[in-house]
Amino acid sequence: MIKASAALFVAHPEAMGTARYVAQQGFAEQPDRVVRAGWAGLTPHLFVMAKAYDVAMKSVVLVAFLLFSPLLAAATVQVGAPLPALTFKDQHDVSATITTDTRFLIFVAERAASTVVETALEGQTATTLAAAKVRYVADISAMPGIVTTVIALPQMRKRPYPMLLGRSADATSMLPREPGKVTLIESANGRILAVRFIADVATLRAALGLVP
């Protein structure tokens with residue numbers, strides 16, 4: 001086996017000169033290493049170029065994976081995908097899970113969007129939202145701890161329905177969002193049917209099927 005050095009991942013024959021590259025890798029002095037590496041039939045020069053190309057392509061794939069994997073992870077909530085079975089604690093510190101029978105998942109990550117939801121859900125209770133299979137999730141990770149404890153939670157506890165709280169950014173990172181808008185995810189049988197971004201109370205109420 002060839003014990004690759006760190007230089008192998010950045011060097012290329014055209015960039016540093018084939019002779020210098022061959023000398024550094026030791027193939028000119030040890031041509032039998034070419035055969036042991038499973039590249040029999042190639043001259044040391046051609047082997048080095050082929051090997052460099054092979055490593056370069058693997059490096060490109062690795063870099064692409066590292067760059068785009070966060071984007072792929074963030075895009076897991078999309079039409080046709082399973083509704084994620086997320087678990088949160090609500091404003092009363094009671095755990096609840098987003099189950100496959102959920103019809104609407106409301107998500108907010110900003111105060112402006114939260115105000116839209118609060119107004120749209122006026123008159124609703126835990127019972128009516130449960131009957132409509134509506135879940136409400138709020139990302140409060142950006143809120144300072146003292147504000148959450150002293151101001152936000154006491155106000156949230158006055159709401160007659162549960163608010164599932166994402167207390168860390170990671171907890172809701174997979175949920176899509178747009179600035180100033182409410183995210184409304186519609187699902188059936190555990191599969192996402194639609195993802196909408198809503199900015200006003202009337203549209204949100206209509207989408208949820210609530211009486212104006």
# chains A, B, ... in the order shown; residues from 1 in each chain; ligands from 1
>>> residues_around(residues="Ser114 of chain A", least_positions_apart="2", cutoff="12 Å", atoms="only C-alpha atoms", output="PDB file with N, CA and C atoms, in the first residue's frame")
ATOM      1  N   ILE A 106     -47.485  24.978  12.611  1.00  0.00           N
ATOM      2  CA  ILE A 106     -47.181  26.409  12.546  1.00  0.00           C
ATOM      3  C   ILE A 106     -45.808  26.609  13.170  1.00  0.00           C
ATOM      4  N   PHE A 107     -44.967  27.381  12.498  1.00  0.00           N
ATOM      5  CA  PHE A 107     -43.632  27.647  13.031  1.00  0.00           C
ATOM      6  C   PHE A 107     -43.298  29.116  12.890  1.00  0.00           C
ATOM      7  N   VAL A 108     -42.758  29.694  13.965  1.00  0.00           N
ATOM      8  CA  VAL A 108     -42.298  31.083  13.930  1.00  0.00           C
ATOM      9  C   VAL A 108     -40.907  31.164  14.543  1.00  0.00           C
ATOM     10  N   ALA A 109     -40.128  32.132  14.049  1.00  0.00           N
ATOM     11  CA  ALA A 109     -38.779  32.336  14.577  1.00  0.00           C
ATOM     12  C   ALA A 109     -38.514  33.799  14.899  1.00  0.00           C
ATOM     13  N   GLU A 110     -39.551  34.646  14.752  1.00  0.00           N
ATOM     14  CA  GLU A 110     -39.399  36.078  15.007  1.00  0.00           C
ATOM     15  C   GLU A 110     -40.632  36.603  15.734  1.00  0.00           C
ATOM     16  N   ARG A 111     -40.445  37.715  16.414  1.00  0.00           N
ATOM     17  CA  ARG A 111     -41.537  38.332  17.159  1.00  0.00           C
ATOM     18  C   ARG A 111     -42.681  38.749  16.240  1.00  0.00           C
ATOM     19  N   ALA A 112     -42.365  39.321  15.072  1.00  0.00           N
ATOM     20  CA  ALA A 112     -43.413  39.788  14.160  1.00  0.00           C
ATOM     21  C   ALA A 112     -44.304  38.629  13.717  1.00  0.00           C
ATOM     22  N   VAL A 116     -48.502  37.617  14.500  1.00  0.00           N
ATOM     23  CA  VAL A 116     -49.495  37.180  13.501  1.00  0.00           C
ATOM     24  C   VAL A 116     -50.212  35.925  13.987  1.00  0.00           C
ATOM     25  N   VAL A 117     -49.448  34.965  14.512  1.00  0.00           N
ATOM     26  CA  VAL A 117     -50.045  33.717  14.996  1.00  0.00           C
ATOM     27  C   VAL A 117     -50.934  33.976  16.207  1.00  0.00           C
ATOM     28  N   GLU A 118     -50.459  34.789  17.124  1.00  0.00           N
ATOM     29  CA  GLU A 118     -51.232  35.092  18.332  1.00  0.00           C
ATOM     30  C   GLU A 118     -52.591  35.678  17.980  1.00  0.00           C
ATOM     31  N   THR A 119     -52.592  36.580  17.013  1.00  0.00           N
ATOM     32  CA  THR A 119     -53.862  37.193  16.587  1.00  0.00           C
ATOM     33  C   THR A 119     -54.732  36.188  15.845  1.00  0.00           C
ATOM     34  N   ALA A 120     -54.124  35.395  14.987  1.00  0.00           N
ATOM     35  CA  ALA A 120     -54.890  34.415  14.200  1.00  0.00           C
ATOM     36  C   ALA A 120     -55.529  33.348  15.082  1.00  0.00           C
ATOM     37  N   LEU A 121     -54.886  33.028  16.203  1.00  0.00           N
ATOM     38  CA  LEU A 121     -55.392  31.961  17.074  1.00  0.00           C
ATOM     39  C   LEU A 121     -56.256  32.481  18.221  1.00  0.00           C
ATOM     40  N   TYR A 136     -48.171  24.180  17.190  1.00  0.00           N
ATOM     41  CA  TYR A 136     -47.534  25.497  17.101  1.00  0.00           C
ATOM     42  C   TYR A 136     -46.145  25.417  17.737  1.00  0.00           C
ATOM     43  N   VAL A 137     -45.111  25.696  16.925  1.00  0.00           N
ATOM     44  CA  VAL A 137     -43.719  25.655  17.383  1.00  0.00           C
ATOM     45  C   VAL A 137     -43.105  27.042  17.245  1.00  0.00           C
ATOM     46  N   ALA A 138     -42.415  27.494  18.294  1.00  0.00           N
ATOM     47  CA  ALA A 138     -41.750  28.796  18.271  1.00  0.00           C
ATOM     48  C   ALA A 138     -40.274  28.627  18.611  1.00  0.00           C
ATOM     49  N   ASP A 139     -39.427  29.206  17.781  1.00  0.00           N
ATOM     50  CA  ASP A 139     -37.980  29.213  18.043  1.00  0.00           C
ATOM     51  C   ASP A 139     -37.680  30.424  18.925  1.00  0.00           C
ATOM     52  N   ILE A 140     -37.295  30.164  20.176  1.00  0.00           N
ATOM     53  CA  ILE A 140     -36.984  31.271  21.096  1.00  0.00           C
ATOM     54  C   ILE A 140     -35.491  31.264  21.463  1.00  0.00           C
ATOM     55  N   ALA A 152     -41.093  36.529  28.831  1.00  0.00           N
ATOM     56  CA  ALA A 152     -41.741  35.756  27.772  1.00  0.00           C
ATOM     57  C   ALA A 152     -42.576  34.586  28.294  1.00  0.00           C
ATOM     58  N   MET A 156     -46.482  33.722  27.785  1.00  0.00           N
ATOM     59  CA  MET A 156     -46.875  32.536  27.011  1.00  0.00           C
ATOM     60  C   MET A 156     -47.813  31.633  27.805  1.00  0.00           C
ATOM     61  N   MET A 163     -47.680  26.051  23.281  1.00  0.00           N
ATOM     62  CA  MET A 163     -46.655  26.545  22.361  1.00  0.00           C
ATOM     63  C   MET A 163     -45.411  25.674  22.582  1.00  0.00           C
ATOM     64  N   PRO A 179     -37.947  35.700   6.532  1.00  0.00           N
ATOM     65  CA  PRO A 179     -38.003  36.841   7.445  1.00  0.00           C
ATOM     66  C   PRO A 179     -39.407  37.429   7.560  1.00  0.00           C
ATOM     67  N   GLY A 180     -39.857  37.622   8.785  1.00  0.00           N
ATOM     68  CA  GLY A 180     -41.128  38.275   9.036  1.00  0.00           C
ATOM     69  C   GLY A 180     -42.367  37.462   8.717  1.00  0.00           C
ATOM     70  N   LYS A 181     -42.215  36.176   8.388  1.00  0.00           N
ATOM     71  CA  LYS A 181     -43.368  35.370   7.972  1.00  0.00           C
ATOM     72  C   LYS A 181     -43.549  34.135   8.852  1.00  0.00           C
ATOM     73  N   VAL A 182     -44.791  33.679   8.890  1.00  0.00           N
ATOM     74  CA  VAL A 182     -45.137  32.444   9.575  1.00  0.00           C
ATOM     75  C   VAL A 182     -44.943  31.287   8.599  1.00  0.00           C
ATOM     76  N   THR A 183     -44.289  30.236   9.053  1.00  0.00           N
ATOM     77  CA  THR A 183     -44.176  29.029   8.233  1.00  0.00           C
ATOM     78  C   THR A 183     -45.350  28.121   8.564  1.00  0.00           C
ATOM     79  N   ILE A 198     -46.454  32.806   5.355  1.00  0.00           N
ATOM     80  CA  ILE A 198     -47.611  33.699   5.438  1.00  0.00           C
ATOM     81  C   ILE A 198     -47.285  34.910   6.300  1.00  0.00           C
ATOM     82  N   ALA A 199     -47.688  36.078   5.813  1.00  0.00           N
ATOM     83  CA  ALA A 199     -47.318  37.318   6.495  1.00  0.00           C
ATOM     84  C   ALA A 199     -48.493  38.022   7.168  1.00  0.00           C
ATOM     85  N   ASP A 200     -49.734  37.557   6.952  1.00  0.00           N
ATOM     86  CA  ASP A 200     -50.875  38.285   7.528  1.00  0.00           C
ATOM     87  C   ASP A 200     -51.854  37.337   8.196  1.00  0.00           C
ATOM     88  N   VAL A 201     -52.633  37.904   9.088  1.00  0.00           N
ATOM     89  CA  VAL A 201     -53.558  37.131   9.914  1.00  0.00           C
ATOM     90  C   VAL A 201     -54.649  36.474   9.088  1.00  0.00           C
ATOM     91  N   LEU A 204     -53.499  33.418   7.182  1.00  0.00           N
ATOM     92  CA  LEU A 204     -53.201  32.297   8.068  1.00  0.00           C
ATOM     93  C   LEU A 204     -54.494  31.647   8.576  1.00  0.00           C
TER      94      LEU A 204
END
>>> atom_distance(atom1="atom CA of Thr149 of chain A", atom2="atom CA of Val134 of chain A")
25.8 Å
